[in-house]
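Novice: Questions regarding the structure given below will be posed in turn.
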Amino acid sequence: MPAESKATLEKILELLGFPGTVEEHHMEDGVLLDVKTEDSGRLIGRQGQTLSDLQYITNRLLFQQDQSSPKVTVDVGGYRTQAREALVKKAQDAAEKVRRFGDIVELEPLSAFDRRIVHHALRDDPDIETQSVEVDGTEKKAMLLRPKH
């Protein structure tokens, strides 16, 4: 029996005391669960950290129930969607600087999830290559954009 991602997240939210509704959207790379709640700020947390933790817990529970369950992305009121669009725009602006000046551009340290968004956004760009590099004292990595040779 496949794991019920929507019901699992609703139960977690109920146990945490967050009233709200969950909309389920099936996508090519998994399931998007968008939470609608009055208390979205607390559920998103600082820089989306609480939201990331909630997504991690939801995926762990689903995987324990059914190892073939699709990966779930948890969003609150479109927060991730807006953040993704802003990140893609920042990556495209940086790529334009690389094209214009021929210099390497470094983006601030990003989580693995955000780095994947940047790599994906620029993967078909014939002029730009992306690389993740270690940042001392943090588990995040910075992104370098440089001209392709």
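In the structure tokens, chains take letters A, B, ... by order of appearance, with residues numbered from 1 within each chain and ligands from 1 in the order shown.
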Please run DSSP on the backbone and report, as an MDAnalysis selection string, all residues within segment 63-142 of chain A that come out as helix (DSSP H, G or I).
Specialist: chainID A and resid 63:65 79:101 112:122
Novice: Which residues are near Ala7 of chain A? Cut-off 12 Å, only C-alpha atoms, ignore same chain within fewer than 2 positions. Put them as number ranges by chain.
Specialist: A: 2-5, 9-14, 21-24, 33, 58, 61-62
Novice: I need the chosen residues saved as a compact mmCIF listing (two decimals), in the first residue's frame, with N, CA, C and O atoms.
Specialist:
# COMPACT_ATOMS: atom_id res chain seq x y z
N PRO A 2 0.71 2.15 -0.98
CA PRO A 2 1.56 3.34 -1.02
C PRO A 2 1.29 4.28 0.14
O PRO A 2 0.17 4.37 0.64
N ALA A 3 2.32 4.98 0.57
CA ALA A 3 2.19 5.93 1.67
C ALA A 3 1.35 7.12 1.22
O ALA A 3 1.46 7.57 0.09
N GLU A 4 0.53 7.61 2.11
CA GLU A 4 -0.33 8.76 1.82
C GLU A 4 0.37 10.04 2.26
O GLU A 4 0.33 10.40 3.44
N SER A 5 1.00 10.73 1.32
CA SER A 5 1.81 11.90 1.68
C SER A 5 0.96 13.03 2.27
O SER A 5 1.33 13.63 3.28
N LEU A 9 1.36 14.45 6.19
CA LEU A 9 1.70 15.84 6.52
C LEU A 9 0.59 16.47 7.35
O LEU A 9 0.87 17.20 8.31
N GLU A 10 -0.66 16.20 7.01
CA GLU A 10 -1.78 16.75 7.79
C GLU A 10 -1.70 16.28 9.25
O GLU A 10 -1.93 17.08 10.17
N LYS A 11 -1.33 15.02 9.47
CA LYS A 11 -1.21 14.49 10.83
C LYS A 11 -0.06 15.17 11.57
O LYS A 11 -0.19 15.53 12.75
N ILE A 12 1.07 15.35 10.91
CA ILE A 12 2.21 16.04 11.53
C ILE A 12 1.80 17.46 11.95
O ILE A 12 2.06 17.88 13.07
N LEU A 13 1.15 18.18 11.04
CA LEU A 13 0.72 19.55 11.33
C LEU A 13 -0.26 19.58 12.50
O LEU A 13 -0.18 20.45 13.37
N GLU A 14 -1.18 18.61 12.52
CA GLU A 14 -2.15 18.52 13.61
C GLU A 14 -1.43 18.29 14.95
O GLU A 14 -1.71 18.97 15.94
N THR A 21 -4.82 23.66 5.84
CA THR A 21 -5.17 22.65 4.84
C THR A 21 -3.95 22.36 3.98
O THR A 21 -3.04 23.18 3.86
N VAL A 22 -3.95 21.18 3.37
CA VAL A 22 -2.84 20.76 2.51
C VAL A 22 -3.39 20.46 1.12
O VAL A 22 -4.33 19.67 0.98
N GLU A 23 -2.82 21.11 0.12
CA GLU A 23 -3.16 20.81 -1.27
C GLU A 23 -2.05 19.94 -1.85
O GLU A 23 -0.87 20.23 -1.68
N GLU A 24 -2.45 18.88 -2.55
CA GLU A 24 -1.49 17.95 -3.13
C GLU A 24 -1.45 18.14 -4.64
O GLU A 24 -2.48 18.15 -5.30
N LEU A 33 3.34 19.30 -1.78
CA LEU A 33 2.30 19.52 -0.78
C LEU A 33 2.38 20.97 -0.35
O LEU A 33 3.37 21.40 0.23
N THR A 58 8.70 14.63 6.93
CA THR A 58 7.63 14.05 6.13
C THR A 58 8.18 12.97 5.20
O THR A 58 7.63 11.86 5.13
N LEU A 61 9.22 9.76 7.19
CA LEU A 61 8.05 8.96 7.58
C LEU A 61 7.47 8.21 6.39
O LEU A 61 7.12 7.03 6.49
N LEU A 62 7.36 8.88 5.26
CA LEU A 62 6.80 8.25 4.06
C LEU A 62 7.70 7.11 3.58
O LEU A 62 7.21 6.05 3.20
Novice: If you run DSSP on the backbone here, which positions in chain A get strand (DSSP E)? Please write them as number ranges by chain.
Specialist: A: 21-27, 30-36, 72-76, 105-110, 128-134, 141-147
Novice: Output the selection as a short mmCIF file (atom, residue, chain, number, x, y, z; two decimals), in the first residue's frame - N, CA and C atoms for each residue.
Specialist:
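The result, written out as part34.cif:
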data_model
loop_
_atom_site.label_atom_id
_atom_site.label_comp_id
_atom_site.auth_asym_id
_atom_site.auth_seq_id
_atom_site.Cartn_x
_atom_site.Cartn_y
_atom_site.Cartn_z
N THR A 21 -4.82 23.66 5.84
CA THR A 21 -5.17 22.65 4.84
C THR A 21 -3.95 22.36 3.98
N VAL A 22 -3.95 21.18 3.37
CA VAL A 22 -2.84 20.76 2.51
C VAL A 22 -3.39 20.46 1.12
N GLU A 23 -2.82 21.11 0.12
CA GLU A 23 -3.16 20.81 -1.27
C GLU A 23 -2.05 19.94 -1.85
N GLU A 24 -2.45 18.88 -2.55
CA GLU A 24 -1.49 17.95 -3.13
C GLU A 24 -1.45 18.14 -4.64
N HIS A 25 -0.23 18.31 -5.18
CA HIS A 25 -0.04 18.47 -6.62
C HIS A 25 1.00 17.44 -7.08
N HIS A 26 0.64 16.63 -8.08
CA HIS A 26 1.58 15.63 -8.61
C HIS A 26 2.42 16.29 -9.70
N MET A 27 3.75 16.13 -9.58
CA MET A 27 4.67 16.73 -10.53
C MET A 27 5.55 15.62 -11.10
N GLY A 30 7.95 14.11 -8.41
CA GLY A 30 7.44 13.79 -7.08
C GLY A 30 6.13 14.50 -6.80
N VAL A 31 5.90 14.77 -5.52
CA VAL A 31 4.65 15.37 -5.08
C VAL A 31 4.95 16.70 -4.39
N LEU A 32 4.15 17.73 -4.69
CA LEU A 32 4.24 19.01 -4.00
C LEU A 32 3.06 19.10 -3.05
N LEU A 33 3.34 19.30 -1.78
CA LEU A 33 2.30 19.52 -0.78
C LEU A 33 2.38 20.97 -0.35
N ASP A 34 1.33 21.75 -0.67
CA ASP A 34 1.31 23.17 -0.34
C ASP A 34 0.38 23.38 0.84
N VAL A 35 0.93 23.87 1.94
CA VAL A 35 0.17 24.08 3.17
C VAL A 35 -0.40 25.50 3.16
N LYS A 36 -1.68 25.59 3.45
CA LYS A 36 -2.35 26.89 3.61
C LYS A 36 -2.66 27.04 5.09
N VAL A 72 8.67 14.07 -1.65
CA VAL A 72 7.69 15.10 -1.39
C VAL A 72 8.40 16.44 -1.16
N THR A 73 7.91 17.48 -1.82
CA THR A 73 8.34 18.84 -1.55
C THR A 73 7.23 19.51 -0.76
N VAL A 74 7.57 20.08 0.39
CA VAL A 74 6.58 20.76 1.22
C VAL A 74 6.77 22.26 1.03
N ASP A 75 5.67 22.95 0.73
CA ASP A 75 5.69 24.40 0.58
C ASP A 75 4.62 24.99 1.48
N VAL A 76 4.78 26.24 1.84
CA VAL A 76 3.78 26.94 2.65
C VAL A 76 3.40 28.22 1.92
N VAL A 105 31.98 34.73 -11.27
CA VAL A 105 31.05 35.33 -10.31
C VAL A 105 30.74 34.28 -9.25
N GLU A 106 30.82 34.70 -7.99
CA GLU A 106 30.53 33.79 -6.88
C GLU A 106 29.21 34.18 -6.23
N LEU A 107 28.31 33.20 -6.12
CA LEU A 107 27.06 33.41 -5.38
C LEU A 107 27.30 33.04 -3.92
N GLU A 108 26.49 33.60 -3.03
CA GLU A 108 26.65 33.33 -1.59
C GLU A 108 26.47 31.84 -1.31
N PRO A 109 26.92 31.38 -0.13
CA PRO A 109 26.74 29.97 0.22
C PRO A 109 25.25 29.58 0.16
N LEU A 110 25.01 28.42 -0.45
CA LEU A 110 23.65 27.94 -0.66
C LEU A 110 23.51 26.51 -0.15
N ILE A 128 28.11 29.28 -19.97
CA ILE A 128 28.35 29.31 -18.53
C ILE A 128 28.51 27.91 -17.97
N GLU A 129 29.48 27.75 -17.08
CA GLU A 129 29.55 26.51 -16.31
C GLU A 129 29.45 26.86 -14.83
N THR A 130 28.83 25.95 -14.06
CA THR A 130 28.63 26.18 -12.63
C THR A 130 29.44 25.15 -11.85
N GLN A 131 29.88 25.57 -10.68
CA GLN A 131 30.66 24.67 -9.82
C GLN A 131 30.36 25.03 -8.37
N SER A 132 30.18 24.00 -7.54
CA SER A 132 30.01 24.21 -6.11
C SER A 132 31.37 24.11 -5.43
N VAL A 133 31.65 25.02 -4.50
CA VAL A 133 32.93 25.01 -3.80
C VAL A 133 32.70 25.12 -2.29
N GLU A 134 33.56 24.46 -1.53
CA GLU A 134 33.47 24.47 -0.06
C GLU A 134 33.63 25.89 0.49
N LYS A 141 27.77 25.31 0.55
CA LYS A 141 28.79 25.55 -0.46
C LYS A 141 28.39 26.76 -1.29
N ALA A 142 29.39 27.48 -1.77
CA ALA A 142 29.14 28.62 -2.66
C ALA A 142 29.09 28.10 -4.09
N MET A 143 28.51 28.89 -4.97
CA MET A 143 28.44 28.54 -6.38
C MET A 143 29.34 29.49 -7.16
N LEU A 144 30.15 28.92 -8.02
CA LEU A 144 30.95 29.72 -8.94
C LEU A 144 30.35 29.59 -10.33
N LEU A 145 30.22 30.72 -11.00
CA LEU A 145 29.80 30.74 -12.40
C LEU A 145 30.99 31.26 -13.18
N ARG A 146 31.37 30.54 -14.22
CA ARG A 146 32.51 30.97 -15.02
C ARG A 146 32.23 30.72 -16.49
N PRO A 147 32.99 31.41 -17.36
CA PRO A 147 32.81 31.19 -18.80
C PRO A 147 33.25 29.77 -19.18
#
Novice: For Asp29 of chain A, which residue among A:Arg60, A:Arg115, A:Lys71, A:Arg123 is the nearest when counting only C-alpha atoms?
Specialist: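 Ranked by minimum distance to Asp29 of chain A, first place goes to A:Lys71.
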Novice: Neighbouring residues of Leu122 of chain A were defined as those with any atom within 10 Å, considering only C-alpha atoms; residues of the same chain fewer than 3 positions away were excluded. Please report them as number ranges by chain.
Specialist: A: 88, 91-92, 95, 117-119, 125-130, 145
Novice: Just to confirm, what's the straight-line distance from atom CA of Tyr79 of chain A to atom CA of Ser40 of chain A in Å (one decimal)?
Specialist: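 These atoms are spaced 9.1 Å apart.
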Novice: Provide the atom CA of Lys148 of chain A to atom CA of Asp103 of chain A distance in Å, to one decimal place.
Specialist: 11.1 Å
Novice: Pick out the residues sitting within 12 Å of Gln49 of chain A, and hand them over as a PDB file with N, CA, C and O atoms, in the first residue's frame; count only C-alpha atoms, and ignore anything fewer than 3 positions along from it in its own chain.
Specialist:
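Final file, part.pdb:
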ATOM      1  N   GLY A  41       4.397  32.082   8.766  1.00  0.00           N
ATOM      2  CA  GLY A  41       5.740  32.540   9.136  1.00  0.00           C
ATOM      3  C   GLY A  41       6.440  31.581  10.083  1.00  0.00           C
ATOM      4  O   GLY A  41       7.612  31.260   9.909  1.00  0.00           O
ATOM      5  N   ARG A  42       5.729  31.113  11.097  1.00  0.00           N
ATOM      6  CA  ARG A  42       6.327  30.165  12.052  1.00  0.00           C
ATOM      7  C   ARG A  42       6.612  28.820  11.395  1.00  0.00           C
ATOM      8  O   ARG A  42       7.583  28.155  11.738  1.00  0.00           O
ATOM      9  N   LEU A  43       5.770  28.430  10.447  1.00  0.00           N
ATOM     10  CA  LEU A  43       5.963  27.141   9.780  1.00  0.00           C
ATOM     11  C   LEU A  43       7.117  27.201   8.778  1.00  0.00           C
ATOM     12  O   LEU A  43       7.812  26.212   8.566  1.00  0.00           O
ATOM     13  N   ILE A  44       7.345  28.369   8.182  1.00  0.00           N
ATOM     14  CA  ILE A  44       8.466  28.539   7.248  1.00  0.00           C
ATOM     15  C   ILE A  44       9.779  28.648   8.021  1.00  0.00           C
ATOM     16  O   ILE A  44      10.759  28.005   7.675  1.00  0.00           O
ATOM     17  N   GLY A  45       9.783  29.436   9.088  1.00  0.00           N
ATOM     18  CA  GLY A  45      10.983  29.592   9.898  1.00  0.00           C
ATOM     19  C   GLY A  45      11.980  30.532   9.250  1.00  0.00           C
ATOM     20  O   GLY A  45      11.779  31.046   8.151  1.00  0.00           O
ATOM     21  N   ARG A  46      13.093  30.732   9.954  1.00  0.00           N
ATOM     22  CA  ARG A  46      14.134  31.639   9.468  1.00  0.00           C
ATOM     23  C   ARG A  46      14.799  31.047   8.238  1.00  0.00           C
ATOM     24  O   ARG A  46      15.310  29.932   8.277  1.00  0.00           O
ATOM     25  N   SER A  52      12.130  23.336   5.712  1.00  0.00           N
ATOM     26  CA  SER A  52      13.038  22.271   5.268  1.00  0.00           C
ATOM     27  C   SER A  52      13.005  21.087   6.233  1.00  0.00           C
ATOM     28  O   SER A  52      12.999  19.924   5.803  1.00  0.00           O
ATOM     29  N   ASP A  53      12.980  21.386   7.529  1.00  0.00           N
ATOM     30  CA  ASP A  53      12.922  20.317   8.534  1.00  0.00           C
ATOM     31  C   ASP A  53      11.614  19.541   8.424  1.00  0.00           C
ATOM     32  O   ASP A  53      11.602  18.307   8.514  1.00  0.00           O
ATOM     33  N   LEU A  54      10.520  20.255   8.230  1.00  0.00           N
ATOM     34  CA  LEU A  54       9.208  19.612   8.078  1.00  0.00           C
ATOM     35  C   LEU A  54       9.202  18.709   6.843  1.00  0.00           C
ATOM     36  O   LEU A  54       8.677  17.589   6.880  1.00  0.00           O
ATOM     37  N   GLN A  55       9.802  19.174   5.764  1.00  0.00           N
ATOM     38  CA  GLN A  55       9.893  18.367   4.543  1.00  0.00           C
ATOM     39  C   GLN A  55      10.722  17.114   4.792  1.00  0.00           C
ATOM     40  O   GLN A  55      10.354  16.014   4.362  1.00  0.00           O
ATOM     41  N   TYR A  56      11.837  17.246   5.501  1.00  0.00           N
ATOM     42  CA  TYR A  56      12.700  16.110   5.802  1.00  0.00           C
ATOM     43  C   TYR A  56      11.945  15.060   6.618  1.00  0.00           C
ATOM     44  O   TYR A  56      11.958  13.867   6.286  1.00  0.00           O
ATOM     45  N   VAL A  74       7.574  20.076   0.391  1.00  0.00           N
ATOM     46  CA  VAL A  74       6.582  20.762   1.219  1.00  0.00           C
ATOM     47  C   VAL A  74       6.772  22.263   1.031  1.00  0.00           C
ATOM     48  O   VAL A  74       7.882  22.776   1.133  1.00  0.00           O
ATOM     49  N   ASP A  75       5.673  22.951   0.735  1.00  0.00           N
ATOM     50  CA  ASP A  75       5.685  24.398   0.577  1.00  0.00           C
ATOM     51  C   ASP A  75       4.620  24.992   1.484  1.00  0.00           C
ATOM     52  O   ASP A  75       3.680  24.303   1.869  1.00  0.00           O
ATOM     53  N   TYR A  79       5.775  29.835  -0.690  1.00  0.00           N
ATOM     54  CA  TYR A  79       7.079  30.374  -0.274  1.00  0.00           C
ATOM     55  C   TYR A  79       8.218  29.817  -1.136  1.00  0.00           C
ATOM     56  O   TYR A  79       9.045  30.565  -1.651  1.00  0.00           O
ATOM     57  N   ARG A  80       8.272  28.497  -1.271  1.00  0.00           N
ATOM     58  CA  ARG A  80       9.369  27.876  -2.040  1.00  0.00           C
ATOM     59  C   ARG A  80       9.319  28.298  -3.505  1.00  0.00           C
ATOM     60  O   ARG A  80      10.352  28.519  -4.130  1.00  0.00           O
ATOM     61  N   SER A 111      22.292  26.134   0.201  1.00  0.00           N
ATOM     62  CA  SER A 111      22.020  24.748   0.583  1.00  0.00           C
ATOM     63  C   SER A 111      22.110  23.867  -0.663  1.00  0.00           C
ATOM     64  O   SER A 111      22.084  24.362  -1.802  1.00  0.00           O
ATOM     65  N   PHE A 113      19.858  21.978  -1.869  1.00  0.00           N
ATOM     66  CA  PHE A 113      18.602  22.149  -2.607  1.00  0.00           C
ATOM     67  C   PHE A 113      18.696  23.370  -3.523  1.00  0.00           C
ATOM     68  O   PHE A 113      18.366  23.296  -4.715  1.00  0.00           O
TER      69      PHE A 113
END
Novice: What does the distance from atom CA of Gly17 of chain A to atom CA of Gln67 of chain A come to in Å, to one decimal?
Specialist: 27.8 Å
